[in-house]
>>> print(open('structure05.txt').read())   # compact mmCIF, N, CA and C atoms
# COMPACT_ATOMS: atom_id res chain seq x y z
N MET A 1 9.67 13.10 14.45
CA MET A 1 9.02 12.55 13.27
C MET A 1 8.31 11.25 13.66
N LYS A 2 7.14 11.06 13.09
CA LYS A 2 6.37 9.85 13.38
C LYS A 2 7.03 8.63 12.76
N PRO A 3 6.83 7.46 13.37
CA PRO A 3 7.39 6.23 12.77
C PRO A 3 6.64 5.89 11.47
N VAL A 4 7.32 5.14 10.63
CA VAL A 4 6.72 4.71 9.37
C VAL A 4 5.73 3.59 9.69
N PRO A 5 4.46 3.73 9.29
CA PRO A 5 3.49 2.66 9.55
C PRO A 5 3.95 1.34 8.92
N PRO A 6 3.72 0.21 9.58
CA PRO A 6 4.21 -1.08 9.09
C PRO A 6 3.74 -1.45 7.68
N ALA A 7 2.58 -0.98 7.28
CA ALA A 7 2.04 -1.38 5.97
C ALA A 7 2.66 -0.60 4.81
N VAL A 8 3.42 0.45 5.09
CA VAL A 8 3.95 1.30 4.02
C VAL A 8 4.93 0.55 3.13
N VAL A 9 5.88 -0.15 3.73
CA VAL A 9 6.93 -0.80 2.92
C VAL A 9 6.35 -1.87 2.00
N PRO A 10 5.53 -2.81 2.50
CA PRO A 10 4.98 -3.77 1.53
C PRO A 10 4.09 -3.11 0.49
N ALA A 11 3.40 -2.04 0.86
CA ALA A 11 2.57 -1.34 -0.13
C ALA A 11 3.44 -0.73 -1.23
N LEU A 12 4.58 -0.18 -0.85
CA LEU A 12 5.49 0.37 -1.86
C LEU A 12 6.00 -0.73 -2.80
N GLY A 13 6.37 -1.87 -2.23
CA GLY A 13 6.86 -2.98 -3.06
C GLY A 13 5.79 -3.51 -4.00
N ILE A 14 4.59 -3.69 -3.48
CA ILE A 14 3.48 -4.21 -4.30
C ILE A 14 3.13 -3.22 -5.40
N THR A 15 3.13 -1.93 -5.07
CA THR A 15 2.83 -0.91 -6.08
C THR A 15 3.83 -0.97 -7.23
N ARG A 16 5.11 -1.15 -6.90
CA ARG A 16 6.13 -1.28 -7.95
C ARG A 16 5.87 -2.50 -8.83
N LEU A 17 5.49 -3.60 -8.21
CA LEU A 17 5.20 -4.81 -9.00
C LEU A 17 4.03 -4.58 -9.95
N VAL A 18 2.99 -3.94 -9.47
CA VAL A 18 1.80 -3.69 -10.29
C VAL A 18 2.14 -2.75 -11.45
N ILE A 19 2.82 -1.65 -11.14
CA ILE A 19 3.19 -0.70 -12.18
C ILE A 19 4.11 -1.34 -13.21
N GLY A 20 5.12 -2.07 -12.73
CA GLY A 20 6.05 -2.73 -13.65
C GLY A 20 5.38 -3.75 -14.54
N THR A 21 4.50 -4.54 -13.95
CA THR A 21 3.77 -5.54 -14.74
C THR A 21 2.91 -4.86 -15.80
N GLY A 22 2.25 -3.77 -15.43
CA GLY A 22 1.44 -3.04 -16.39
C GLY A 22 2.27 -2.49 -17.54
N MET A 23 3.48 -2.04 -17.23
CA MET A 23 4.34 -1.49 -18.28
C MET A 23 4.85 -2.57 -19.22
N ILE A 24 5.02 -3.77 -18.70
CA ILE A 24 5.47 -4.86 -19.57
C ILE A 24 4.31 -5.40 -20.41
N ILE A 25 3.15 -5.55 -19.79
CA ILE A 25 1.98 -6.09 -20.50
C ILE A 25 1.42 -5.09 -21.51
N GLY A 26 1.36 -3.82 -21.12
CA GLY A 26 0.81 -2.78 -22.00
C GLY A 26 1.81 -1.65 -22.20
N PRO A 27 2.90 -1.91 -22.90
CA PRO A 27 3.97 -0.93 -22.99
C PRO A 27 3.60 0.38 -23.68
N ALA A 28 2.57 0.39 -24.49
CA ALA A 28 2.20 1.64 -25.16
C ALA A 28 1.49 2.60 -24.21
N GLY A 29 1.06 2.11 -23.06
CA GLY A 29 0.32 2.94 -22.11
C GLY A 29 1.07 4.17 -21.65
N LEU A 30 2.36 4.04 -21.41
CA LEU A 30 3.15 5.18 -20.96
C LEU A 30 3.20 6.26 -22.04
N GLY A 31 3.45 5.85 -23.26
CA GLY A 31 3.47 6.81 -24.36
C GLY A 31 2.13 7.49 -24.55
N LYS A 32 1.06 6.73 -24.42
CA LYS A 32 -0.28 7.33 -24.53
C LYS A 32 -0.53 8.32 -23.40
N ALA A 33 -0.09 7.97 -22.18
CA ALA A 33 -0.26 8.89 -21.05
C ALA A 33 0.50 10.19 -21.28
N LEU A 34 1.59 10.10 -22.02
CA LEU A 34 2.37 11.29 -22.34
C LEU A 34 1.83 12.04 -23.55
N GLY A 35 0.75 11.53 -24.14
CA GLY A 35 0.12 12.20 -25.27
C GLY A 35 0.69 11.87 -26.62
N LEU A 36 1.46 10.79 -26.71
CA LEU A 36 2.00 10.39 -28.01
C LEU A 36 0.90 9.76 -28.85
N PRO A 37 0.97 9.93 -30.18
CA PRO A 37 0.04 9.21 -31.05
C PRO A 37 0.22 7.70 -30.89
N GLU A 38 -0.82 6.95 -31.16
CA GLU A 38 -0.83 5.49 -30.96
C GLU A 38 0.39 4.80 -31.57
N ALA A 39 0.69 5.09 -32.83
CA ALA A 39 1.80 4.41 -33.51
C ALA A 39 3.14 4.73 -32.83
N GLU A 40 3.31 5.98 -32.44
CA GLU A 40 4.57 6.37 -31.78
C GLU A 40 4.66 5.75 -30.39
N ALA A 41 3.53 5.68 -29.69
CA ALA A 41 3.51 5.06 -28.36
C ALA A 41 3.90 3.58 -28.46
N LYS A 42 3.43 2.92 -29.50
CA LYS A 42 3.79 1.51 -29.70
C LYS A 42 5.27 1.36 -30.03
N ARG A 43 5.80 2.24 -30.86
CA ARG A 43 7.22 2.17 -31.21
C ARG A 43 8.11 2.40 -29.98
N ALA A 44 7.64 3.22 -29.06
CA ALA A 44 8.42 3.53 -27.85
C ALA A 44 8.18 2.51 -26.74
N GLY A 45 7.38 1.49 -27.01
CA GLY A 45 7.03 0.51 -25.99
C GLY A 45 8.22 -0.24 -25.41
N TRP A 46 9.27 -0.41 -26.18
CA TRP A 46 10.43 -1.15 -25.66
C TRP A 46 11.03 -0.45 -24.46
N ILE A 47 11.04 0.88 -24.46
CA ILE A 47 11.62 1.59 -23.32
C ILE A 47 10.72 1.47 -22.09
N ALA A 48 9.41 1.42 -22.33
CA ALA A 48 8.48 1.21 -21.22
C ALA A 48 8.70 -0.17 -20.61
N ARG A 49 8.97 -1.14 -21.44
CA ARG A 49 9.25 -2.49 -20.92
C ARG A 49 10.53 -2.50 -20.08
N LEU A 50 11.55 -1.77 -20.50
CA LEU A 50 12.77 -1.66 -19.69
C LEU A 50 12.45 -1.05 -18.33
N ALA A 51 11.69 0.03 -18.35
CA ALA A 51 11.31 0.68 -17.09
C ALA A 51 10.44 -0.25 -16.24
N GLY A 52 9.58 -1.02 -16.89
CA GLY A 52 8.74 -1.98 -16.16
C GLY A 52 9.58 -3.05 -15.48
N ALA A 53 10.60 -3.53 -16.16
CA ALA A 53 11.49 -4.52 -15.55
C ALA A 53 12.21 -3.92 -14.35
N ARG A 54 12.63 -2.67 -14.46
CA ARG A 54 13.27 -1.98 -13.34
C ARG A 54 12.30 -1.89 -12.16
N GLU A 55 11.07 -1.52 -12.42
CA GLU A 55 10.07 -1.41 -11.36
C GLU A 55 9.85 -2.75 -10.66
N ILE A 56 9.76 -3.81 -11.44
CA ILE A 56 9.57 -5.15 -10.86
C ILE A 56 10.77 -5.53 -10.00
N ALA A 57 11.97 -5.28 -10.49
CA ALA A 57 13.18 -5.63 -9.72
C ALA A 57 13.22 -4.88 -8.39
N ILE A 58 12.92 -3.60 -8.42
CA ILE A 58 12.94 -2.82 -7.18
C ILE A 58 11.82 -3.27 -6.25
N GLY A 59 10.66 -3.58 -6.80
CA GLY A 59 9.55 -4.07 -5.97
C GLY A 59 9.87 -5.41 -5.32
N LEU A 60 10.45 -6.32 -6.10
CA LEU A 60 10.81 -7.63 -5.54
C LEU A 60 11.89 -7.49 -4.47
N GLY A 61 12.87 -6.64 -4.71
CA GLY A 61 13.92 -6.41 -3.71
C GLY A 61 13.35 -5.84 -2.43
N THR A 62 12.44 -4.90 -2.56
CA THR A 62 11.80 -4.28 -1.40
C THR A 62 11.03 -5.33 -0.59
N LEU A 63 10.22 -6.11 -1.29
CA LEU A 63 9.41 -7.12 -0.60
C LEU A 63 10.26 -8.22 0.01
N ASP A 64 11.33 -8.62 -0.67
CA ASP A 64 12.21 -9.66 -0.13
C ASP A 64 12.90 -9.18 1.14
N ALA A 65 13.42 -7.96 1.13
CA ALA A 65 14.07 -7.42 2.33
C ALA A 65 13.06 -7.30 3.47
N TRP A 66 11.87 -6.80 3.17
CA TRP A 66 10.83 -6.64 4.19
C TRP A 66 10.44 -7.99 4.79
N ARG A 67 10.22 -8.99 3.91
CA ARG A 67 9.78 -10.31 4.35
C ARG A 67 10.84 -10.99 5.21
N SER A 68 12.10 -10.80 4.86
CA SER A 68 13.18 -11.49 5.57
C SER A 68 13.68 -10.70 6.78
N GLY A 69 13.15 -9.52 7.01
CA GLY A 69 13.56 -8.73 8.16
C GLY A 69 14.86 -7.96 7.97
N ARG A 70 15.37 -7.94 6.74
CA ARG A 70 16.57 -7.16 6.46
C ARG A 70 16.20 -5.68 6.30
N PRO A 71 17.17 -4.79 6.38
CA PRO A 71 16.87 -3.36 6.20
C PRO A 71 16.23 -3.08 4.84
N VAL A 72 15.23 -2.24 4.86
CA VAL A 72 14.51 -1.90 3.62
C VAL A 72 14.78 -0.48 3.17
N ASP A 73 15.47 0.31 4.00
CA ASP A 73 15.67 1.72 3.67
C ASP A 73 16.39 1.90 2.33
N GLY A 74 17.36 1.04 2.03
CA GLY A 74 18.07 1.13 0.75
C GLY A 74 17.16 0.87 -0.44
N TRP A 75 16.25 -0.07 -0.28
CA TRP A 75 15.31 -0.37 -1.36
C TRP A 75 14.32 0.77 -1.56
N VAL A 76 13.87 1.37 -0.47
CA VAL A 76 12.97 2.52 -0.58
C VAL A 76 13.71 3.70 -1.19
N ALA A 77 14.98 3.88 -0.82
CA ALA A 77 15.79 4.93 -1.44
C ALA A 77 15.95 4.66 -2.94
N ALA A 78 16.11 3.41 -3.33
CA ALA A 78 16.22 3.06 -4.76
C ALA A 78 14.94 3.44 -5.50
N GLN A 79 13.80 3.28 -4.85
CA GLN A 79 12.54 3.69 -5.46
C GLN A 79 12.55 5.20 -5.70
N GLY A 80 13.06 5.95 -4.71
CA GLY A 80 13.14 7.40 -4.86
C GLY A 80 14.08 7.81 -5.98
N ILE A 81 15.21 7.13 -6.09
CA ILE A 81 16.17 7.43 -7.16
C ILE A 81 15.55 7.11 -8.52
N SER A 82 14.84 6.01 -8.59
CA SER A 82 14.16 5.62 -9.82
C SER A 82 13.15 6.70 -10.23
N ASP A 83 12.35 7.15 -9.28
CA ASP A 83 11.35 8.18 -9.59
C ASP A 83 12.00 9.51 -9.94
N ALA A 84 13.12 9.84 -9.27
CA ALA A 84 13.82 11.08 -9.60
C ALA A 84 14.36 11.04 -11.03
N SER A 85 14.89 9.89 -11.43
CA SER A 85 15.38 9.78 -12.81
C SER A 85 14.24 9.89 -13.81
N ASP A 86 13.08 9.33 -13.47
CA ASP A 86 11.91 9.48 -14.33
C ASP A 86 11.49 10.94 -14.43
N ALA A 87 11.51 11.65 -13.29
CA ALA A 87 11.14 13.07 -13.29
C ALA A 87 12.05 13.86 -14.23
N ILE A 88 13.34 13.56 -14.19
CA ILE A 88 14.29 14.26 -15.07
C ILE A 88 14.00 13.92 -16.53
N ALA A 89 13.75 12.65 -16.81
CA ALA A 89 13.48 12.24 -18.19
C ALA A 89 12.20 12.88 -18.72
N PHE A 90 11.16 12.91 -17.91
CA PHE A 90 9.90 13.53 -18.34
C PHE A 90 10.09 15.03 -18.56
N ALA A 91 10.86 15.69 -17.69
CA ALA A 91 11.13 17.12 -17.87
C ALA A 91 11.91 17.35 -19.16
N ALA A 92 12.88 16.49 -19.43
CA ALA A 92 13.70 16.65 -20.63
C ALA A 92 12.87 16.54 -21.90
N ILE A 93 11.99 15.55 -21.97
CA ILE A 93 11.18 15.41 -23.20
C ILE A 93 10.15 16.53 -23.32
N SER A 94 9.78 17.12 -22.18
CA SER A 94 8.89 18.28 -22.22
C SER A 94 9.63 19.48 -22.79
N ILE A 95 10.84 19.71 -22.30
CA ILE A 95 11.66 20.83 -22.77
C ILE A 95 11.97 20.69 -24.25
N GLN A 96 12.23 19.46 -24.69
CA GLN A 96 12.56 19.20 -26.10
C GLN A 96 11.34 19.26 -27.01
N GLY A 97 10.14 19.36 -26.44
CA GLY A 97 8.93 19.44 -27.24
C GLY A 97 8.48 18.11 -27.82
N LYS A 98 8.95 17.02 -27.25
CA LYS A 98 8.60 15.70 -27.78
C LYS A 98 7.23 15.21 -27.30
N VAL A 99 6.72 15.83 -26.25
CA VAL A 99 5.38 15.50 -25.73
C VAL A 99 4.67 16.81 -25.40
N PRO A 100 3.34 16.78 -25.33
CA PRO A 100 2.63 18.00 -24.93
C PRO A 100 3.11 18.45 -23.55
N PRO A 101 3.41 19.75 -23.39
CA PRO A 101 3.98 20.24 -22.13
C PRO A 101 3.17 19.87 -20.88
N ALA A 102 1.87 20.00 -20.94
CA ALA A 102 1.07 19.70 -19.74
C ALA A 102 1.23 18.24 -19.33
N ARG A 103 1.29 17.35 -20.29
CA ARG A 103 1.44 15.92 -19.98
C ARG A 103 2.85 15.62 -19.45
N GLY A 104 3.85 16.12 -20.15
CA GLY A 104 5.23 15.85 -19.76
C GLY A 104 5.56 16.43 -18.39
N TRP A 105 5.20 17.69 -18.18
CA TRP A 105 5.47 18.31 -16.88
C TRP A 105 4.62 17.70 -15.78
N GLY A 106 3.39 17.32 -16.12
CA GLY A 106 2.55 16.65 -15.13
C GLY A 106 3.15 15.33 -14.67
N MET A 107 3.64 14.55 -15.63
CA MET A 107 4.28 13.28 -15.28
C MET A 107 5.58 13.53 -14.51
N SER A 108 6.30 14.57 -14.87
CA SER A 108 7.53 14.90 -14.18
C SER A 108 7.25 15.26 -12.72
N LEU A 109 6.26 16.09 -12.49
CA LEU A 109 5.91 16.48 -11.12
C LEU A 109 5.38 15.30 -10.32
N PHE A 110 4.61 14.44 -10.97
CA PHE A 110 4.11 13.23 -10.30
C PHE A 110 5.28 12.35 -9.86
N ALA A 111 6.23 12.12 -10.76
CA ALA A 111 7.40 11.30 -10.42
C ALA A 111 8.23 11.98 -9.33
N LEU A 112 8.36 13.29 -9.40
CA LEU A 112 9.12 14.02 -8.39
C LEU A 112 8.45 13.90 -7.01
N SER A 113 7.12 13.93 -6.98
CA SER A 113 6.42 13.78 -5.69
C SER A 113 6.71 12.41 -5.09
N GLY A 114 6.78 11.38 -5.93
CA GLY A 114 7.13 10.05 -5.44
C GLY A 114 8.56 10.01 -4.93
N ALA A 115 9.47 10.65 -5.65
CA ALA A 115 10.88 10.67 -5.23
C ALA A 115 11.04 11.34 -3.88
N VAL A 116 10.36 12.44 -3.67
CA VAL A 116 10.46 13.15 -2.39
C VAL A 116 9.87 12.30 -1.27
N SER A 117 8.70 11.74 -1.51
CA SER A 117 8.07 10.94 -0.46
C SER A 117 8.88 9.70 -0.12
N GLU A 118 9.48 9.07 -1.13
CA GLU A 118 10.30 7.89 -0.87
C GLU A 118 11.61 8.25 -0.19
N ALA A 119 12.17 9.41 -0.52
CA ALA A 119 13.39 9.86 0.17
C ALA A 119 13.10 10.11 1.65
N LEU A 120 11.98 10.75 1.93
CA LEU A 120 11.61 10.99 3.33
C LEU A 120 11.32 9.69 4.07
N THR A 121 10.65 8.75 3.39
CA THR A 121 10.37 7.45 4.00
C THR A 121 11.66 6.69 4.27
N ALA A 122 12.58 6.68 3.30
CA ALA A 122 13.86 5.99 3.49
C ALA A 122 14.63 6.59 4.66
N ALA A 123 14.63 7.92 4.77
CA ALA A 123 15.33 8.57 5.88
C ALA A 123 14.70 8.20 7.22
N ALA A 124 13.38 8.16 7.26
CA ALA A 124 12.69 7.79 8.50
C ALA A 124 12.99 6.33 8.87
N LEU A 125 12.99 5.46 7.87
CA LEU A 125 13.31 4.04 8.13
C LEU A 125 14.74 3.90 8.64
N ARG A 126 15.64 4.67 8.08
CA ARG A 126 17.04 4.61 8.50
C ARG A 126 17.17 5.06 9.96
N ARG A 127 16.47 6.13 10.32
CA ARG A 127 16.49 6.61 11.71
C ARG A 127 15.91 5.56 12.65
N GLU A 128 14.82 4.91 12.23
CA GLU A 128 14.17 3.90 13.06
C GLU A 128 15.06 2.69 13.31
N SER A 129 15.93 2.38 12.34
CA SER A 129 16.74 1.17 12.46
C SER A 129 17.97 1.37 13.36
N ARG A 130 18.24 2.58 13.77
CA ARG A 130 19.41 2.85 14.62
C ARG A 130 19.16 2.42 16.04
>>> encode(input="structure05.txt", output="structure tokens")
Amino acid sequence: MKPVPPAVVPALGITRLVIGTGMIIGPAGLGKALGLPEAEAKRAGWIARLAGAREIAIGLGTLDAWRSGRPVDGWVAAQGISDASDAIAFAAISIQGKVPPARGWGMSLFALSGAVSEALTAAALRRESR
């Protein structure tokens, strides 16, 4: 397996910060992306803010470990776990009919693709650190 390029880890951390900040500043955006009506997306904004705070925490942890030279594989694995839980949540609301199926399943598959890629990256980082 090829080594993880050096720019990958800080890019993952920065991406989490950007996504988390966006979710806190514009919390209705997630609901709108899922196809919820404007009023319902705004009412559900509090949960987007919680998820945004989680994204920021994971991003800061990733960047702090990277900057200080500590192992980052655990932080990248946490990103994968976070995305896997999002994939499950998006699938669940799709099955329950709470969002249009194409939007819910699309978001679920998108989150799942992140979870898989982060799991593979974390495993590669772990192998490299041995």
>>> closest_residue(input="structure05.txt", among="A:Val8, A:Leu34, A:Val72, A:Ala77", to="A:Gly104", atoms="all atoms listed in the file")
A:Leu34
>>> atom_distance(input="structure05.txt", atom1="atom CA of A:Ile88", atom2="atom CA of A:Gly35")
17.6 Å
>>> closest_residue(input="structure05.txt", among="A:Gly74, A:Thr21, A:Arg103, A:Ser82", to="A:Ala53", atoms="all atoms listed in the file")
A:Thr21
>>> atom_distance(input="structure05.txt", atom1="atom CA of A:Ala39", atom2="atom CA of A:Gly97")
17.8 Å
>>> residues_around(input="structure05.txt", residues="A:Pro3", least_positions_apart="2", cutoff="8 Å", atoms="all atoms listed in the file", output="PDB file with N, CA and C atoms, keeping the file's coordinate frame")
ATOM      1  N   MET A   1       9.670  13.100  14.450  1.00  0.00           N
ATOM      2  CA  MET A   1       9.020  12.550  13.270  1.00  0.00           C
ATOM      3  C   MET A   1       8.310  11.250  13.660  1.00  0.00           C
ATOM      4  N   PRO A   5       4.460   3.730   9.290  1.00  0.00           N
ATOM      5  CA  PRO A   5       3.490   2.660   9.550  1.00  0.00           C
ATOM      6  C   PRO A   5       3.950   1.340   8.920  1.00  0.00           C
ATOM      7  N   PRO A   6       3.720   0.210   9.580  1.00  0.00           N
ATOM      8  CA  PRO A   6       4.210  -1.080   9.090  1.00  0.00           C
ATOM      9  C   PRO A   6       3.740  -1.450   7.680  1.00  0.00           C
ATOM     10  N   ALA A 124      13.380   8.160   7.260  1.00  0.00           N
ATOM     11  CA  ALA A 124      12.690   7.790   8.500  1.00  0.00           C
ATOM     12  C   ALA A 124      12.990   6.330   8.870  1.00  0.00           C
ATOM     13  N   LEU A 125      12.990   5.460   7.870  1.00  0.00           N
ATOM     14  CA  LEU A 125      13.310   4.040   8.130  1.00  0.00           C
ATOM     15  C   LEU A 125      14.740   3.900   8.640  1.00  0.00           C
ATOM     16  N   GLU A 128      14.820   4.910  12.230  1.00  0.00           N
ATOM     17  CA  GLU A 128      14.170   3.900  13.060  1.00  0.00           C
ATOM     18  C   GLU A 128      15.060   2.690  13.310  1.00  0.00           C
TER      19      GLU A 128
END
>>> atom_distance(input="structure05.txt", atom1="atom CA of A:Gly13", atom2="atom CA of A:Ile47")
21.3 Å
>>> residues_around(input="structure05.txt", residues="stretch 56-61 of chain A", least_positions_apart="6", cutoff="12 Å", atoms="only C-alpha atoms", output="tab-separated table (two decimals) with N, CA and C atoms, in the frame of the given file")
chain	number	residue	atom	x	y	z
A	9	VAL	N	5.88	-0.15	3.73
A	9	VAL	CA	6.93	-0.80	2.92
A	9	VAL	C	6.35	-1.87	2.00
A	10	PRO	N	5.53	-2.81	2.50
A	10	PRO	CA	4.98	-3.77	1.53
A	10	PRO	C	4.09	-3.11	0.49
A	11	ALA	N	3.40	-2.04	0.86
A	11	ALA	CA	2.57	-1.34	-0.13
A	11	ALA	C	3.44	-0.73	-1.23
A	12	LEU	N	4.58	-0.18	-0.85
A	12	LEU	CA	5.49	0.37	-1.86
A	12	LEU	C	6.00	-0.73	-2.80
A	13	GLY	N	6.37	-1.87	-2.23
A	13	GLY	CA	6.86	-2.98	-3.06
A	13	GLY	C	5.79	-3.51	-4.00
A	14	ILE	N	4.59	-3.69	-3.48
A	14	ILE	CA	3.48	-4.21	-4.30
A	14	ILE	C	3.13	-3.22	-5.40
A	15	THR	N	3.13	-1.93	-5.07
A	15	THR	CA	2.83	-0.91	-6.08
A	15	THR	C	3.83	-0.97	-7.23
A	16	ARG	N	5.11	-1.15	-6.90
A	16	ARG	CA	6.13	-1.28	-7.95
A	16	ARG	C	5.87	-2.50	-8.83
A	17	LEU	N	5.49	-3.60	-8.21
A	17	LEU	CA	5.20	-4.81	-9.00
A	17	LEU	C	4.03	-4.58	-9.95
A	18	VAL	N	2.99	-3.94	-9.47
A	18	VAL	CA	1.80	-3.69	-10.29
A	18	VAL	C	2.14	-2.75	-11.45
A	19	ILE	N	2.82	-1.65	-11.14
A	19	ILE	CA	3.19	-0.70	-12.18
A	19	ILE	C	4.11	-1.34	-13.21
A	20	GLY	N	5.12	-2.07	-12.73
A	20	GLY	CA	6.05	-2.73	-13.65
A	20	GLY	C	5.38	-3.75	-14.54
A	21	THR	N	4.50	-4.54	-13.95
A	21	THR	CA	3.77	-5.54	-14.74
A	21	THR	C	2.91	-4.86	-15.80
A	22	GLY	N	2.25	-3.77	-15.43
A	22	GLY	CA	1.44	-3.04	-16.39
A	22	GLY	C	2.27	-2.49	-17.54
A	23	MET	N	3.48	-2.04	-17.23
A	23	MET	CA	4.34	-1.49	-18.28
A	23	MET	C	4.85	-2.57	-19.22
A	24	ILE	N	5.02	-3.77	-18.70
A	24	ILE	CA	5.47	-4.86	-19.57
A	24	ILE	C	4.31	-5.40	-20.41
A	49	ARG	N	8.97	-1.14	-21.44
A	49	ARG	CA	9.25	-2.49	-20.92
A	49	ARG	C	10.53	-2.50	-20.08
A	50	LEU	N	11.55	-1.77	-20.50
A	50	LEU	CA	12.77	-1.66	-19.69
A	50	LEU	C	12.45	-1.05	-18.33
A	67	ARG	N	10.22	-8.99	3.91
A	67	ARG	CA	9.78	-10.31	4.35
A	67	ARG	C	10.84	-10.99	5.21
A	68	SER	N	12.10	-10.80	4.86
A	68	SER	CA	13.18	-11.49	5.57
A	68	SER	C	13.68	-10.70	6.78
A	70	ARG	N	15.37	-7.94	6.74
A	70	ARG	CA	16.57	-7.16	6.46
A	70	ARG	C	16.20	-5.68	6.30
A	71	PRO	N	17.17	-4.79	6.38
A	71	PRO	CA	16.87	-3.36	6.20
A	71	PRO	C	16.23	-3.08	4.84
A	72	VAL	N	15.23	-2.24	4.86
A	72	VAL	CA	14.51	-1.90	3.62
A	72	VAL	C	14.78	-0.48	3.17
A	73	ASP	N	15.47	0.31	4.00
A	73	ASP	CA	15.67	1.72	3.67
A	73	ASP	C	16.39	1.90	2.33
A	74	GLY	N	17.36	1.04	2.03
A	74	GLY	CA	18.07	1.13	0.75
A	74	GLY	C	17.16	0.87	-0.44
A	75	TRP	N	16.25	-0.07	-0.28
A	75	TRP	CA	15.31	-0.37	-1.36
A	75	TRP	C	14.32	0.77	-1.56
A	76	VAL	N	13.87	1.37	-0.47
A	76	VAL	CA	12.97	2.52	-0.58
A	76	VAL	C	13.71	3.70	-1.19
A	77	ALA	N	14.98	3.88	-0.82
A	77	ALA	CA	15.79	4.93	-1.44
A	77	ALA	C	15.95	4.66	-2.94
A	78	ALA	N	16.11	3.41	-3.33
A	78	ALA	CA	16.22	3.06	-4.76
A	78	ALA	C	14.94	3.44	-5.50
A	79	GLN	N	13.80	3.28	-4.85
A	79	GLN	CA	12.54	3.69	-5.46
A	79	GLN	C	12.55	5.20	-5.70
A	80	GLY	N	13.06	5.95	-4.71
A	80	GLY	CA	13.14	7.40	-4.86
A	80	GLY	C	14.08	7.81	-5.98
A	81	ILE	N	15.21	7.13	-6.09
A	81	ILE	CA	16.17	7.43	-7.16
A	81	ILE	C	15.55	7.11	-8.52
A	82	SER	N	14.84	6.01	-8.59
A	82	SER	CA	14.16	5.62	-9.82
A	82	SER	C	13.15	6.70	-10.23
A	83	ASP	N	12.35	7.15	-9.28
A	83	ASP	CA	11.35	8.18	-9.59
A	83	ASP	C	12.00	9.51	-9.94
>>> select_by_dssp(input="structure05.txt", residues="chain A", states="helix (DSSP H, G or I)", output="ChimeraX atom specification")
/A:8-25,28-33,38-43,45-68,73-95,101-128
>>> axis_aligned_box(input="structure05.txt", around="stretch 56-74 of chain A", padding_each_side="3 Å", output="JSON")
{"center_x": 13.7, "center_y": -4.8, "center_z": -1.6, "size_x": 14.7, "size_y": 19.4, "size_z": 25.6}
>>> closest_residue(input="structure05.txt", among="A:Ala84, A:Leu63, A:Met107, A:Val4", to="A:Lys32", atoms="only C-alpha atoms")
A:Met107
>>> closest_residue(input="structure05.txt", among="A:Thr121, A:Thr62, A:Ser108, A:Ser113", to="A:Ala92", atoms="all atoms listed in the file")
A:Ser108
>>> closest_residue(input="structure05.txt", among="A:Ala44, A:Ala87, A:Ser129, A:Pro100", to="A:Ala115", atoms="all atoms listed in the file")
A:Ala87
>>> build_atoms(input="structure05.txt", residues="stretch 116-125 of chain A", atoms="N, CA, C and O atoms", output="PDB file, in the frame of the given file")
ATOM      1  N   VAL A 116      10.360  12.440  -3.670  1.00  0.00           N
ATOM      2  CA  VAL A 116      10.460  13.150  -2.390  1.00  0.00           C
ATOM      3  C   VAL A 116       9.870  12.300  -1.270  1.00  0.00           C
ATOM      4  O   VAL A 116      10.480  12.141  -0.206  1.00  0.00           O
ATOM      5  N   SER A 117       8.700  11.740  -1.510  1.00  0.00           N
ATOM      6  CA  SER A 117       8.070  10.940  -0.460  1.00  0.00           C
ATOM      7  C   SER A 117       8.880   9.700  -0.120  1.00  0.00           C
ATOM      8  O   SER A 117       9.017   9.328   1.045  1.00  0.00           O
ATOM      9  N   GLU A 118       9.480   9.070  -1.130  1.00  0.00           N
ATOM     10  CA  GLU A 118      10.300   7.890  -0.870  1.00  0.00           C
ATOM     11  C   GLU A 118      11.610   8.250  -0.190  1.00  0.00           C
ATOM     12  O   GLU A 118      12.090   7.510   0.678  1.00  0.00           O
ATOM     13  N   ALA A 119      12.170   9.410  -0.520  1.00  0.00           N
ATOM     14  CA  ALA A 119      13.390   9.860   0.170  1.00  0.00           C
ATOM     15  C   ALA A 119      13.100  10.110   1.650  1.00  0.00           C
ATOM     16  O   ALA A 119      13.892   9.705   2.516  1.00  0.00           O
ATOM     17  N   LEU A 120      11.980  10.750   1.930  1.00  0.00           N
ATOM     18  CA  LEU A 120      11.610  10.990   3.330  1.00  0.00           C
ATOM     19  C   LEU A 120      11.320   9.690   4.070  1.00  0.00           C
ATOM     20  O   LEU A 120      11.713   9.521   5.229  1.00  0.00           O
ATOM     21  N   THR A 121      10.650   8.750   3.390  1.00  0.00           N
ATOM     22  CA  THR A 121      10.370   7.450   4.000  1.00  0.00           C
ATOM     23  C   THR A 121      11.660   6.690   4.270  1.00  0.00           C
ATOM     24  O   THR A 121      11.837   6.103   5.339  1.00  0.00           O
ATOM     25  N   ALA A 122      12.580   6.680   3.300  1.00  0.00           N
ATOM     26  CA  ALA A 122      13.860   5.990   3.490  1.00  0.00           C
ATOM     27  C   ALA A 122      14.630   6.590   4.660  1.00  0.00           C
ATOM     28  O   ALA A 122      15.206   5.854   5.473  1.00  0.00           O
ATOM     29  N   ALA A 123      14.630   7.920   4.770  1.00  0.00           N
ATOM     30  CA  ALA A 123      15.330   8.570   5.880  1.00  0.00           C
ATOM     31  C   ALA A 123      14.700   8.200   7.220  1.00  0.00           C
ATOM     32  O   ALA A 123      15.407   7.920   8.195  1.00  0.00           O
ATOM     33  N   ALA A 124      13.380   8.160   7.260  1.00  0.00           N
ATOM     34  CA  ALA A 124      12.690   7.790   8.500  1.00  0.00           C
ATOM     35  C   ALA A 124      12.990   6.330   8.870  1.00  0.00           C
ATOM     36  O   ALA A 124      13.212   6.017  10.037  1.00  0.00           O
ATOM     37  N   LEU A 125      12.990   5.460   7.870  1.00  0.00           N
ATOM     38  CA  LEU A 125      13.310   4.040   8.130  1.00  0.00           C
ATOM     39  C   LEU A 125      14.740   3.900   8.640  1.00  0.00           C
ATOM     40  O   LEU A 125      15.007   3.096   9.539  1.00  0.00           O
TER      41      LEU A 125
END
